[in-house]
Amino acid sequence: MKENRGRLAVILAGGLGTRLRGIISDVPKALAPIAGRPFLDWLLTMLSCRGITKILLLLGYGADKIMAFVEDGSKWNLKATYSLEKEPLDKGGALRNALPYIDERTFFFMNGDTLLDMDLGEMFDFHVDKRAKLTIASRPWKDLTRVDPMKIDDESKVVSFGEKNVPAEEGGFWFVNGGFYVVDRDIVEELPLRRLSWEKEVVPQLVRRGVVYSFRSGGYFIDIGVPEDYFKAQREIPYILGS
């Protein structure tokens, strides 16, 4: 990773976790226990090991519990700050609401309930070299349930996003959104401060402007938002990241 660049990770961690309510009911989804440790602990450990030095947590539901767990971030050698929403703003709105706390021109953006193990420095440098405004980590996937497929041209530019009629690649898979982004701050400055869908409103608009690129990753991915994958994470995350 280029020196003094790509050190900030903005993490959306305000979800209600309604699909996990029958399994966990007393903590926000980002703190759901995975092999005896909150999921957020695994995520922050990974980010710290990959060169991140600052985190900004976007919080709503369960904010007090998350702040009490993370505190100043020093447990992971990170500097933690927080942005709280007074009412649900959705992903795009929560990011726009956090603009006063984003002190980097370019930063990483991700969900607090998903994990994609990858080389962050390589992705960041790709973003800079392409002069992209938004770079999406894409991953190969054979099922379009719960994912946003992408059509990507030969220059790695994303030319369609979230359209289910995109033909599969040779081999019967699609490149889908890995839920991990590199974002230029100036596109956040353009967003209205209201409830705003990141995947349905913000990203498609940027794709139409021709400023979105895909960084292809084959790294381990897990989304703990549904019971099946939550139980799978109990086995897989300690194996992949080490206990």
# chains A, B, ... in the order shown; residues from 1 in each chain; ligands from 1
>>> residues_around(residues="Pro100 in chain A", least_positions_apart="5", cutoff="12 Å", atoms="only C-alpha atoms", output="list of chain:residue names")
A:Leu56, A:Thr81, A:Tyr82, A:Ser83, A:Leu84, A:Ala94, A:Leu95, A:Arg185, A:Val188, A:Glu189
>>> write_last_selection(atoms="N, CA and C atoms", output="short mmCIF file (atom, residue, chain, number, x, y, z; two decimals), in the first residue's frame")
data_model
loop_
_atom_site.label_atom_id
_atom_site.label_comp_id
_atom_site.auth_asym_id
_atom_site.auth_seq_id
_atom_site.Cartn_x
_atom_site.Cartn_y
_atom_site.Cartn_z
N LEU A 56 -13.73 4.34 11.33
CA LEU A 56 -14.89 5.19 11.62
C LEU A 56 -16.10 4.28 11.57
N THR A 81 -13.22 6.32 15.74
CA THR A 81 -14.17 7.42 15.89
C THR A 81 -15.54 6.89 15.49
N TYR A 82 -16.59 7.67 15.79
CA TYR A 82 -17.95 7.19 15.62
C TYR A 82 -18.83 8.25 14.98
N SER A 83 -19.77 7.79 14.15
CA SER A 83 -20.81 8.64 13.60
C SER A 83 -22.15 7.99 13.92
N LEU A 84 -23.03 8.70 14.61
CA LEU A 84 -24.31 8.15 15.02
C LEU A 84 -25.44 8.78 14.21
N ALA A 94 -26.16 6.89 5.76
CA ALA A 94 -25.26 6.81 6.91
C ALA A 94 -23.85 7.28 6.55
N LEU A 95 -23.39 6.94 5.34
CA LEU A 95 -22.07 7.39 4.91
C LEU A 95 -22.06 8.91 4.72
N ARG A 185 -13.65 10.62 -1.35
CA ARG A 185 -14.51 11.44 -0.50
C ARG A 185 -15.41 12.37 -1.29
N VAL A 188 -18.94 11.33 -1.88
CA VAL A 188 -19.79 11.39 -0.68
C VAL A 188 -20.30 12.81 -0.49
N GLU A 189 -19.47 13.79 -0.80
CA GLU A 189 -19.87 15.19 -0.69
C GLU A 189 -21.07 15.51 -1.58
#
>>> residues_around(residues="range 33-40 of chain A", least_positions_apart="6", cutoff="8 Å", atoms="only C-alpha atoms", output="compact mmCIF listing (two decimals) with N, CA and C atoms, in the first residue's frame")
# COMPACT_ATOMS: atom_id res chain seq x y z
N GLY A 112 -20.27 -4.08 8.62
CA GLY A 112 -19.76 -4.64 9.86
C GLY A 112 -20.22 -6.05 10.12
N ASP A 113 -20.87 -6.68 9.13
CA ASP A 113 -21.30 -8.07 9.30
C ASP A 113 -20.81 -8.96 8.17
N ALA A 233 -19.84 -19.57 9.74
CA ALA A 233 -18.75 -18.70 10.19
C ALA A 233 -18.09 -19.20 11.46
N GLN A 234 -18.84 -19.89 12.31
CA GLN A 234 -18.27 -20.40 13.56
C GLN A 234 -17.10 -21.34 13.29
N ARG A 235 -17.20 -22.08 12.20
CA ARG A 235 -16.13 -23.03 11.85
C ARG A 235 -15.05 -22.38 10.98
N ILE A 237 -14.24 -18.97 10.10
CA ILE A 237 -13.45 -17.77 10.41
C ILE A 237 -12.21 -18.09 11.25
N PRO A 238 -12.33 -18.88 12.33
CA PRO A 238 -11.09 -19.21 13.07
C PRO A 238 -10.09 -19.96 12.22
>>> atom_distance(atom1="CA of Trp198 in chain A", atom2="CA of Gly93 in chain A")
7.8 Å
>>> atom_distance(atom1="CA of Trp174 in chain A", atom2="CA of Lys232 in chain A")
22.3 Å
>>> residues_around(residues="Ile52 in chain A", least_positions_apart="3", cutoff="8 Å", atoms="only C-alpha atoms", output="count of residues only")
9
>>> closest_atom_pairs(of="range 84-138 of chain A", to="range 209-218 of chain A", cutoff="10 Å", atoms="only C-alpha atoms", output="Markdown table")
| residue | atom | partner | partner_atom | distance |
| --- | --- | --- | --- | --- |
| A:Leu116 | CA | A:Ser217 | CA | 8.6 |
| A:Asp117 | CA | A:Gly218 | CA | 8.6 |
| A:Met118 | CA | A:Ser217 | CA | 6.8 |
| A:Asp119 | CA | A:Ser217 | CA | 8.6 |
| A:Glu122 | CA | A:Phe215 | CA | 9.1 |
| A:Met123 | CA | A:Phe215 | CA | 6.4 |
| A:Phe124 | CA | A:Phe215 | CA | 9.3 |
| A:Phe126 | CA | A:Phe215 | CA | 7.3 |
| A:His127 | CA | A:Tyr213 | CA | 7.6 |
| A:Lys130 | CA | A:Tyr213 | CA | 7.7 |
| A:Arg131 | CA | A:Val211 | CA | 8.2 |
| A:Ala132 | CA | A:Val211 | CA | 5.4 |
| A:Lys133 | CA | A:Val211 | CA | 5.4 |
| A:Leu134 | CA | A:Val212 | CA | 4.8 |
| A:Thr135 | CA | A:Tyr213 | CA | 4.7 |
| A:Ile136 | CA | A:Ser214 | CA | 5.0 |
| A:Ala137 | CA | A:Phe215 | CA | 4.8 |
| A:Ser138 | CA | A:Arg216 | CA | 4.9 |
>>> write_last_selection(atoms="C-alpha atoms", output="compact mmCIF listing (two decimals), in the first residue's frame")
# COMPACT_ATOMS: atom_id res chain seq x y z
CA LEU A 116 -13.55 -10.42 2.75
CA ASP A 117 -9.96 -11.49 3.28
CA MET A 118 -7.85 -9.73 0.68
CA ASP A 119 -4.80 -7.57 0.00
CA GLU A 122 -3.22 -3.97 -3.80
CA MET A 123 -6.86 -2.91 -4.04
CA PHE A 124 -6.08 0.66 -2.97
CA PHE A 126 -5.53 -0.38 -8.22
CA HIS A 127 -8.09 2.31 -7.37
CA LYS A 130 -7.41 3.58 -12.48
CA ARG A 131 -8.30 7.08 -11.25
CA ALA A 132 -11.58 5.59 -10.09
CA LYS A 133 -14.11 7.33 -7.89
CA LEU A 134 -15.37 4.02 -6.54
CA THR A 135 -13.76 0.59 -6.66
CA ILE A 136 -15.77 -2.50 -5.75
CA ALA A 137 -14.15 -5.75 -4.66
CA SER A 138 -15.77 -8.39 -6.83
>>> select_by_dssp(residues="range 65-218 of chain A", states="helix (DSSP H, G or I)", output="number ranges by chain")
A: 65-70, 74-76, 90-97, 99-101, 120-130, 185-189, 198-209
>>> write_last_selection(atoms="N, CA and C atoms", output="compact mmCIF listing (two decimals), in the first residue's frame")
# COMPACT_ATOMS: atom_id res chain seq x y z
N LYS A 65 -23.50 -0.37 22.88
CA LYS A 65 -22.79 -1.63 23.10
C LYS A 65 -21.55 -1.73 22.22
N ILE A 66 -21.66 -1.27 20.99
CA ILE A 66 -20.51 -1.31 20.09
C ILE A 66 -19.42 -0.36 20.57
N MET A 67 -19.80 0.85 20.98
CA MET A 67 -18.81 1.81 21.47
C MET A 67 -18.15 1.31 22.75
N ALA A 68 -18.92 0.65 23.61
CA ALA A 68 -18.34 0.12 24.84
C ALA A 68 -17.35 -0.99 24.55
N PHE A 69 -17.58 -1.75 23.48
CA PHE A 69 -16.66 -2.83 23.12
C PHE A 69 -15.41 -2.29 22.43
N VAL A 70 -15.57 -1.41 21.48
CA VAL A 70 -14.42 -0.93 20.70
C VAL A 70 -13.63 0.14 21.45
N SER A 74 -7.72 1.06 20.57
CA SER A 74 -6.31 0.76 20.84
C SER A 74 -6.04 -0.74 21.03
N LYS A 75 -7.07 -1.50 21.38
CA LYS A 75 -6.91 -2.95 21.53
C LYS A 75 -6.41 -3.58 20.23
N TRP A 76 -6.75 -2.97 19.10
CA TRP A 76 -6.35 -3.48 17.78
C TRP A 76 -5.29 -2.58 17.13
N ASP A 90 -30.16 4.29 6.10
CA ASP A 90 -29.70 3.31 5.12
C ASP A 90 -28.21 3.53 4.88
N LYS A 91 -27.62 2.70 4.08
CA LYS A 91 -26.16 2.68 3.94
C LYS A 91 -25.60 3.96 3.32
N GLY A 92 -26.22 4.41 2.24
CA GLY A 92 -25.74 5.62 1.60
C GLY A 92 -25.93 6.84 2.47
N GLY A 93 -27.08 6.94 3.12
CA GLY A 93 -27.34 8.07 4.00
C GLY A 93 -26.44 8.08 5.22
N ALA A 94 -26.16 6.89 5.76
CA ALA A 94 -25.26 6.81 6.91
C ALA A 94 -23.85 7.28 6.55
N LEU A 95 -23.39 6.94 5.34
CA LEU A 95 -22.07 7.39 4.91
C LEU A 95 -22.06 8.91 4.72
N ARG A 96 -23.10 9.45 4.11
CA ARG A 96 -23.16 10.91 3.93
C ARG A 96 -23.23 11.61 5.28
N ASN A 97 -23.95 11.06 6.22
CA ASN A 97 -24.07 11.63 7.56
C ASN A 97 -22.72 11.68 8.27
N LEU A 99 -19.83 12.29 6.88
CA LEU A 99 -18.86 13.07 6.13
C LEU A 99 -17.96 13.96 6.99
N PRO A 100 -18.47 14.63 8.03
CA PRO A 100 -17.60 15.48 8.84
C PRO A 100 -16.47 14.72 9.55
N TYR A 101 -16.60 13.41 9.68
CA TYR A 101 -15.59 12.61 10.38
C TYR A 101 -14.62 11.91 9.42
N LEU A 120 -5.46 -5.41 0.92
CA LEU A 120 -6.02 -4.07 0.86
C LEU A 120 -5.11 -3.10 0.12
N GLY A 121 -3.82 -3.26 0.30
CA GLY A 121 -2.88 -2.38 -0.38
C GLY A 121 -2.98 -2.51 -1.89
N GLU A 122 -3.10 -3.74 -2.36
CA GLU A 122 -3.22 -3.97 -3.80
C GLU A 122 -4.50 -3.35 -4.34
N MET A 123 -5.59 -3.49 -3.61
CA MET A 123 -6.86 -2.91 -4.04
C MET A 123 -6.78 -1.39 -4.06
N PHE A 124 -6.19 -0.80 -3.04
CA PHE A 124 -6.08 0.66 -2.97
C PHE A 124 -5.24 1.20 -4.12
N ASP A 125 -4.12 0.56 -4.39
CA ASP A 125 -3.26 1.01 -5.47
C ASP A 125 -3.95 0.87 -6.83
N PHE A 126 -4.73 -0.20 -7.00
CA PHE A 126 -5.53 -0.38 -8.22
C PHE A 126 -6.47 0.80 -8.40
N HIS A 127 -7.15 1.19 -7.34
CA HIS A 127 -8.09 2.31 -7.37
C HIS A 127 -7.40 3.60 -7.83
N VAL A 128 -6.24 3.86 -7.25
CA VAL A 128 -5.50 5.07 -7.59
C VAL A 128 -5.02 5.03 -9.04
N ASP A 129 -4.50 3.89 -9.45
CA ASP A 129 -3.98 3.76 -10.81
C ASP A 129 -5.08 3.92 -11.86
N LYS A 130 -6.29 3.47 -11.55
CA LYS A 130 -7.41 3.58 -12.48
C LYS A 130 -8.06 4.96 -12.44
N ARG A 185 -13.65 10.62 -1.35
CA ARG A 185 -14.51 11.44 -0.50
C ARG A 185 -15.41 12.37 -1.29
N ASP A 186 -14.95 12.84 -2.43
CA ASP A 186 -15.75 13.84 -3.16
C ASP A 186 -17.08 13.28 -3.66
N ILE A 187 -17.19 11.95 -3.87
CA ILE A 187 -18.50 11.43 -4.27
C ILE A 187 -19.46 11.41 -3.10
N VAL A 188 -18.94 11.33 -1.88
CA VAL A 188 -19.79 11.39 -0.68
C VAL A 188 -20.30 12.81 -0.49
N GLU A 189 -19.47 13.79 -0.80
CA GLU A 189 -19.87 15.19 -0.69
C GLU A 189 -21.07 15.51 -1.58
N TRP A 198 -27.34 2.63 -0.79
CA TRP A 198 -26.04 2.60 -1.44
C TRP A 198 -26.08 1.74 -2.70
N GLU A 199 -26.60 0.52 -2.58
CA GLU A 199 -26.60 -0.42 -3.69
C GLU A 199 -27.64 -0.11 -4.77
N LYS A 200 -28.77 0.47 -4.39
CA LYS A 200 -29.84 0.70 -5.37
C LYS A 200 -29.83 2.11 -5.97
N GLU A 201 -29.26 3.07 -5.26
CA GLU A 201 -29.26 4.45 -5.76
C GLU A 201 -27.87 4.96 -6.07
N VAL A 202 -26.97 4.89 -5.10
CA VAL A 202 -25.66 5.54 -5.25
C VAL A 202 -24.79 4.83 -6.28
N VAL A 203 -24.58 3.52 -6.10
CA VAL A 203 -23.67 2.80 -6.99
C VAL A 203 -24.16 2.81 -8.44
N PRO A 204 -25.43 2.50 -8.73
CA PRO A 204 -25.86 2.54 -10.13
C PRO A 204 -25.67 3.90 -10.79
N GLN A 205 -25.89 4.98 -10.04
CA GLN A 205 -25.68 6.31 -10.61
C GLN A 205 -24.22 6.53 -10.97
N LEU A 206 -23.30 6.10 -10.10
CA LEU A 206 -21.87 6.23 -10.38
C LEU A 206 -21.44 5.35 -11.55
N VAL A 207 -22.06 4.16 -11.66
CA VAL A 207 -21.76 3.29 -12.80
C VAL A 207 -22.14 3.99 -14.10
N ARG A 208 -23.28 4.65 -14.12
CA ARG A 208 -23.71 5.37 -15.33
C ARG A 208 -22.74 6.50 -15.68
N ARG A 209 -22.07 7.05 -14.69
CA ARG A 209 -21.09 8.10 -14.94
C ARG A 209 -19.75 7.55 -15.42
>>> select_by_dssp(residues="range 115-193 of chain A", states="strand (DSSP E)", output="ChimeraX atom specification")
/A:115-116,134-141,149-152,158-161,174-184
>>> write_last_selection(atoms="N, CA and C atoms", output="compact mmCIF listing (two decimals), in the first residue's frame")
# COMPACT_ATOMS: atom_id res chain seq x y z
N LEU A 115 -17.10 -10.18 5.86
CA LEU A 115 -15.65 -10.22 5.90
C LEU A 115 -15.15 -10.73 4.56
N LEU A 116 -14.21 -10.00 3.98
CA LEU A 116 -13.55 -10.42 2.75
C LEU A 116 -12.05 -10.32 2.98
N LEU A 134 -14.92 5.12 -7.39
CA LEU A 134 -15.37 4.02 -6.54
C LEU A 134 -14.82 2.73 -7.11
N THR A 135 -14.21 1.92 -6.26
CA THR A 135 -13.76 0.59 -6.66
C THR A 135 -14.47 -0.44 -5.79
N ILE A 136 -15.03 -1.45 -6.43
CA ILE A 136 -15.77 -2.50 -5.75
C ILE A 136 -14.95 -3.79 -5.80
N ALA A 137 -14.76 -4.42 -4.67
CA ALA A 137 -14.15 -5.75 -4.66
C ALA A 137 -15.18 -6.73 -5.19
N SER A 138 -14.85 -7.40 -6.27
CA SER A 138 -15.77 -8.39 -6.83
C SER A 138 -15.22 -9.79 -6.58
N ARG A 139 -16.11 -10.74 -6.54
CA ARG A 139 -15.72 -12.13 -6.29
C ARG A 139 -16.55 -13.04 -7.18
N PRO A 140 -16.00 -14.15 -7.61
CA PRO A 140 -16.77 -15.08 -8.44
C PRO A 140 -17.79 -15.83 -7.59
N TRP A 141 -19.00 -16.00 -8.12
CA TRP A 141 -20.07 -16.64 -7.37
C TRP A 141 -21.03 -17.31 -8.33
N PRO A 149 -24.90 -8.86 -9.03
CA PRO A 149 -23.95 -9.19 -10.09
C PRO A 149 -23.49 -7.95 -10.84
N MET A 150 -22.32 -8.05 -11.45
CA MET A 150 -21.76 -6.92 -12.18
C MET A 150 -21.32 -7.37 -13.56
N LYS A 151 -21.46 -6.47 -14.52
CA LYS A 151 -20.86 -6.66 -15.82
C LYS A 151 -19.62 -5.77 -15.88
N ILE A 152 -18.49 -6.35 -16.24
CA ILE A 152 -17.20 -5.66 -16.17
C ILE A 152 -16.54 -5.73 -17.54
N VAL A 158 -16.80 -1.15 -14.32
CA VAL A 158 -18.13 -1.73 -14.11
C VAL A 158 -19.11 -1.01 -15.03
N VAL A 159 -19.79 -1.78 -15.89
CA VAL A 159 -20.72 -1.18 -16.83
C VAL A 159 -22.18 -1.49 -16.49
N SER A 160 -22.41 -2.42 -15.59
CA SER A 160 -23.76 -2.60 -15.03
C SER A 160 -23.61 -3.19 -13.63
N PHE A 161 -24.58 -2.87 -12.78
CA PHE A 161 -24.51 -3.29 -11.38
C PHE A 161 -25.91 -3.68 -10.90
N TRP A 174 -20.79 -15.72 -11.94
CA TRP A 174 -20.87 -14.28 -12.13
C TRP A 174 -19.84 -13.60 -11.24
N PHE A 175 -19.42 -12.41 -11.62
CA PHE A 175 -18.69 -11.56 -10.68
C PHE A 175 -19.72 -10.74 -9.91
N VAL A 176 -19.67 -10.86 -8.58
CA VAL A 176 -20.67 -10.20 -7.75
C VAL A 176 -19.99 -9.26 -6.76
N ASN A 177 -20.79 -8.39 -6.20
CA ASN A 177 -20.31 -7.40 -5.24
C ASN A 177 -19.82 -8.09 -3.96
N GLY A 178 -18.57 -7.85 -3.59
CA GLY A 178 -18.02 -8.42 -2.37
C GLY A 178 -18.26 -7.59 -1.13
N GLY A 179 -18.99 -6.46 -1.28
CA GLY A 179 -19.33 -5.64 -0.11
C GLY A 179 -18.16 -4.87 0.47
N PHE A 180 -17.13 -4.66 -0.32
CA PHE A 180 -15.91 -4.00 0.15
C PHE A 180 -15.52 -2.98 -0.91
N TYR A 181 -15.29 -1.74 -0.52
CA TYR A 181 -15.12 -0.65 -1.48
C TYR A 181 -13.92 0.23 -1.13
N VAL A 182 -13.38 0.87 -2.17
CA VAL A 182 -12.51 2.03 -1.99
C VAL A 182 -13.29 3.21 -2.54
N VAL A 183 -13.39 4.28 -1.76
CA VAL A 183 -14.26 5.41 -2.08
C VAL A 183 -13.46 6.71 -2.05
N ASP A 184 -13.69 7.56 -3.03
CA ASP A 184 -13.16 8.91 -2.99
C ASP A 184 -14.16 9.81 -2.25
>>> closest_residue(among="A:Glu236, A:Ala30, A:Val10, A:Asp223", to="Ala98 in chain A", atoms="only C-alpha atoms")
A:Val10
>>> closest_residue(among="A:Val27, A:Lys142, A:Ala13, A:Phe221", to="Gly171 in chain A", atoms="only C-alpha atoms")
A:Lys142
>>> closest_residue(among="A:Gly51, A:Gly219, A:Leu44, A:Asp26", to="Ala80 in chain A", atoms="only C-alpha atoms")
A:Leu44
>>> atom_distance(atom1="CA of Asp103 in chain A", atom2="CA of Gly62 in chain A")
24.9 Å
>>> closest_residue(among="A:Thr145, A:Asn165, A:Thr114, A:Ser197", to="Ile222 in chain A", atoms="only C-alpha atoms")
A:Thr114
>>> decode(residues="range 196-233 of chain A", atoms="N, CA and C atoms", output="PDB file, in the first residue's frame")
ATOM      1  N   LEU A 196     -30.874   6.863   2.123  1.00  0.00           N
ATOM      2  CA  LEU A 196     -30.349   6.672   0.776  1.00  0.00           C
ATOM      3  C   LEU A 196     -29.749   5.277   0.649  1.00  0.00           C
ATOM      4  N   SER A 197     -30.205   4.525  -0.338  1.00  0.00           N
ATOM      5  CA  SER A 197     -29.671   3.181  -0.564  1.00  0.00           C
ATOM      6  C   SER A 197     -28.361   3.253  -1.328  1.00  0.00           C
ATOM      7  N   TRP A 198     -27.341   2.633  -0.788  1.00  0.00           N
ATOM      8  CA  TRP A 198     -26.035   2.596  -1.436  1.00  0.00           C
ATOM      9  C   TRP A 198     -26.085   1.736  -2.701  1.00  0.00           C
ATOM     10  N   GLU A 199     -26.605   0.518  -2.584  1.00  0.00           N
ATOM     11  CA  GLU A 199     -26.599  -0.423  -3.694  1.00  0.00           C
ATOM     12  C   GLU A 199     -27.639  -0.107  -4.768  1.00  0.00           C
ATOM     13  N   LYS A 200     -28.769   0.472  -4.392  1.00  0.00           N
ATOM     14  CA  LYS A 200     -29.843   0.700  -5.367  1.00  0.00           C
ATOM     15  C   LYS A 200     -29.827   2.107  -5.967  1.00  0.00           C
ATOM     16  N   GLU A 201     -29.259   3.068  -5.257  1.00  0.00           N
ATOM     17  CA  GLU A 201     -29.264   4.446  -5.756  1.00  0.00           C
ATOM     18  C   GLU A 201     -27.865   4.961  -6.068  1.00  0.00           C
ATOM     19  N   VAL A 202     -26.966   4.891  -5.098  1.00  0.00           N
ATOM     20  CA  VAL A 202     -25.661   5.539  -5.249  1.00  0.00           C
ATOM     21  C   VAL A 202     -24.792   4.829  -6.283  1.00  0.00           C
ATOM     22  N   VAL A 203     -24.582   3.522  -6.096  1.00  0.00           N
ATOM     23  CA  VAL A 203     -23.673   2.797  -6.988  1.00  0.00           C
ATOM     24  C   VAL A 203     -24.157   2.805  -8.436  1.00  0.00           C
ATOM     25  N   PRO A 204     -25.432   2.501  -8.729  1.00  0.00           N
ATOM     26  CA  PRO A 204     -25.865   2.537 -10.128  1.00  0.00           C
ATOM     27  C   PRO A 204     -25.669   3.903 -10.790  1.00  0.00           C
ATOM     28  N   GLN A 205     -25.889   4.976 -10.040  1.00  0.00           N
ATOM     29  CA  GLN A 205     -25.683   6.308 -10.605  1.00  0.00           C
ATOM     30  C   GLN A 205     -24.216   6.534 -10.968  1.00  0.00           C
ATOM     31  N   LEU A 206     -23.301   6.096 -10.101  1.00  0.00           N
ATOM     32  CA  LEU A 206     -21.871   6.232 -10.380  1.00  0.00           C
ATOM     33  C   LEU A 206     -21.442   5.347 -11.545  1.00  0.00           C
ATOM     34  N   VAL A 207     -22.055   4.164 -11.662  1.00  0.00           N
ATOM     35  CA  VAL A 207     -21.764   3.288 -12.804  1.00  0.00           C
ATOM     36  C   VAL A 207     -22.135   3.991 -14.104  1.00  0.00           C
ATOM     37  N   ARG A 208     -23.281   4.649 -14.122  1.00  0.00           N
ATOM     38  CA  ARG A 208     -23.710   5.366 -15.330  1.00  0.00           C
ATOM     39  C   ARG A 208     -22.742   6.501 -15.682  1.00  0.00           C
ATOM     40  N   ARG A 209     -22.073   7.051 -14.690  1.00  0.00           N
ATOM     41  CA  ARG A 209     -21.087   8.104 -14.939  1.00  0.00           C
ATOM     42  C   ARG A 209     -19.748   7.550 -15.423  1.00  0.00           C
ATOM     43  N   GLY A 210     -19.567   6.231 -15.330  1.00  0.00           N
ATOM     44  CA  GLY A 210     -18.344   5.608 -15.812  1.00  0.00           C
ATOM     45  C   GLY A 210     -17.148   5.775 -14.895  1.00  0.00           C
ATOM     46  N   VAL A 211     -17.387   5.847 -13.576  1.00  0.00           N
ATOM     47  CA  VAL A 211     -16.284   6.103 -12.632  1.00  0.00           C
ATOM     48  C   VAL A 211     -16.099   4.957 -11.645  1.00  0.00           C
ATOM     49  N   VAL A 212     -16.726   3.797 -11.916  1.00  0.00           N
ATOM     50  CA  VAL A 212     -16.674   2.656 -11.003  1.00  0.00           C
ATOM     51  C   VAL A 212     -15.858   1.532 -11.635  1.00  0.00           C
ATOM     52  N   TYR A 213     -14.935   0.978 -10.848  1.00  0.00           N
ATOM     53  CA  TYR A 213     -14.092  -0.115 -11.327  1.00  0.00           C
ATOM     54  C   TYR A 213     -14.223  -1.316 -10.400  1.00  0.00           C
ATOM     55  N   SER A 214     -13.851  -2.471 -10.938  1.00  0.00           N
ATOM     56  CA  SER A 214     -13.925  -3.727 -10.193  1.00  0.00           C
ATOM     57  C   SER A 214     -12.523  -4.253  -9.921  1.00  0.00           C
ATOM     58  N   PHE A 215     -12.253  -4.535  -8.668  1.00  0.00           N
ATOM     59  CA  PHE A 215     -11.018  -5.199  -8.262  1.00  0.00           C
ATOM     60  C   PHE A 215     -11.373  -6.640  -7.934  1.00  0.00           C
ATOM     61  N   ARG A 216     -10.856  -7.573  -8.700  1.00  0.00           N
ATOM     62  CA  ARG A 216     -11.259  -8.968  -8.548  1.00  0.00           C
ATOM     63  C   ARG A 216     -10.495  -9.646  -7.418  1.00  0.00           C
ATOM     64  N   SER A 217     -11.255 -10.261  -6.525  1.00  0.00           N
ATOM     65  CA  SER A 217     -10.655 -10.909  -5.359  1.00  0.00           C
ATOM     66  C   SER A 217     -11.135 -12.350  -5.265  1.00  0.00           C
ATOM     67  N   GLY A 218     -10.215 -13.244  -4.988  1.00  0.00           N
ATOM     68  CA  GLY A 218     -10.576 -14.637  -4.738  1.00  0.00           C
ATOM     69  C   GLY A 218     -10.470 -14.991  -3.279  1.00  0.00           C
ATOM     70  N   GLY A 219     -10.378 -13.965  -2.416  1.00  0.00           N
ATOM     71  CA  GLY A 219     -10.204 -14.205  -0.991  1.00  0.00           C
ATOM     72  C   GLY A 219     -11.455 -14.753  -0.322  1.00  0.00           C
ATOM     73  N   TYR A 220     -11.277 -15.283   0.873  1.00  0.00           N
ATOM     74  CA  TYR A 220     -12.387 -15.840   1.648  1.00  0.00           C
ATOM     75  C   TYR A 220     -13.433 -14.764   1.931  1.00  0.00           C
ATOM     76  N   PHE A 221     -14.715 -15.131   1.757  1.00  0.00           N
ATOM     77  CA  PHE A 221     -15.823 -14.208   2.005  1.00  0.00           C
ATOM     78  C   PHE A 221     -16.866 -14.883   2.886  1.00  0.00           C
ATOM     79  N   ILE A 222     -17.433 -14.101   3.824  1.00  0.00           N
ATOM     80  CA  ILE A 222     -18.557 -14.596   4.619  1.00  0.00           C
ATOM     81  C   ILE A 222     -19.436 -13.416   5.005  1.00  0.00           C
ATOM     82  N   ASP A 223     -20.735 -13.641   4.968  1.00  0.00           N
ATOM     83  CA  ASP A 223     -21.741 -12.667   5.416  1.00  0.00           C
ATOM     84  C   ASP A 223     -22.551 -13.374   6.493  1.00  0.00           C
ATOM     85  N   ILE A 224     -22.493 -12.866   7.728  1.00  0.00           N
ATOM     86  CA  ILE A 224     -23.133 -13.576   8.831  1.00  0.00           C
ATOM     87  C   ILE A 224     -24.604 -13.208   8.998  1.00  0.00           C
ATOM     88  N   GLY A 225     -25.182 -12.509   8.007  1.00  0.00           N
ATOM     89  CA  GLY A 225     -26.521 -11.962   8.164  1.00  0.00           C
ATOM     90  C   GLY A 225     -27.663 -12.949   8.150  1.00  0.00           C
ATOM     91  N   VAL A 226     -27.420 -14.188   7.743  1.00  0.00           N
ATOM     92  CA  VAL A 226     -28.478 -15.208   7.770  1.00  0.00           C
ATOM     93  C   VAL A 226     -27.985 -16.391   8.599  1.00  0.00           C
ATOM     94  N   PRO A 227     -28.903 -17.126   9.242  1.00  0.00           N
ATOM     95  CA  PRO A 227     -28.490 -18.201  10.155  1.00  0.00           C
ATOM     96  C   PRO A 227     -27.536 -19.215   9.536  1.00  0.00           C
ATOM     97  N   GLU A 228     -27.792 -19.654   8.318  1.00  0.00           N
ATOM     98  CA  GLU A 228     -26.942 -20.672   7.702  1.00  0.00           C
ATOM     99  C   GLU A 228     -25.482 -20.226   7.648  1.00  0.00           C
ATOM    100  N   ASP A 229     -25.250 -18.985   7.209  1.00  0.00           N
ATOM    101  CA  ASP A 229     -23.879 -18.493   7.104  1.00  0.00           C
ATOM    102  C   ASP A 229     -23.309 -18.118   8.467  1.00  0.00           C
ATOM    103  N   TYR A 230     -24.170 -17.721   9.387  1.00  0.00           N
ATOM    104  CA  TYR A 230     -23.703 -17.437  10.743  1.00  0.00           C
ATOM    105  C   TYR A 230     -23.114 -18.700  11.381  1.00  0.00           C
ATOM    106  N   PHE A 231     -23.794 -19.823  11.205  1.00  0.00           N
ATOM    107  CA  PHE A 231     -23.280 -21.070  11.763  1.00  0.00           C
ATOM    108  C   PHE A 231     -22.021 -21.528  11.020  1.00  0.00           C
ATOM    109  N   LYS A 232     -21.984 -21.307   9.728  1.00  0.00           N
ATOM    110  CA  LYS A 232     -20.795 -21.656   8.951  1.00  0.00           C
ATOM    111  C   LYS A 232     -19.594 -20.828   9.396  1.00  0.00           C
ATOM    112  N   ALA A 233     -19.837 -19.570   9.744  1.00  0.00           N
ATOM    113  CA  ALA A 233     -18.750 -18.695  10.188  1.00  0.00           C
ATOM    114  C   ALA A 233     -18.089 -19.204  11.462  1.00  0.00           C
TER     115      ALA A 233
END
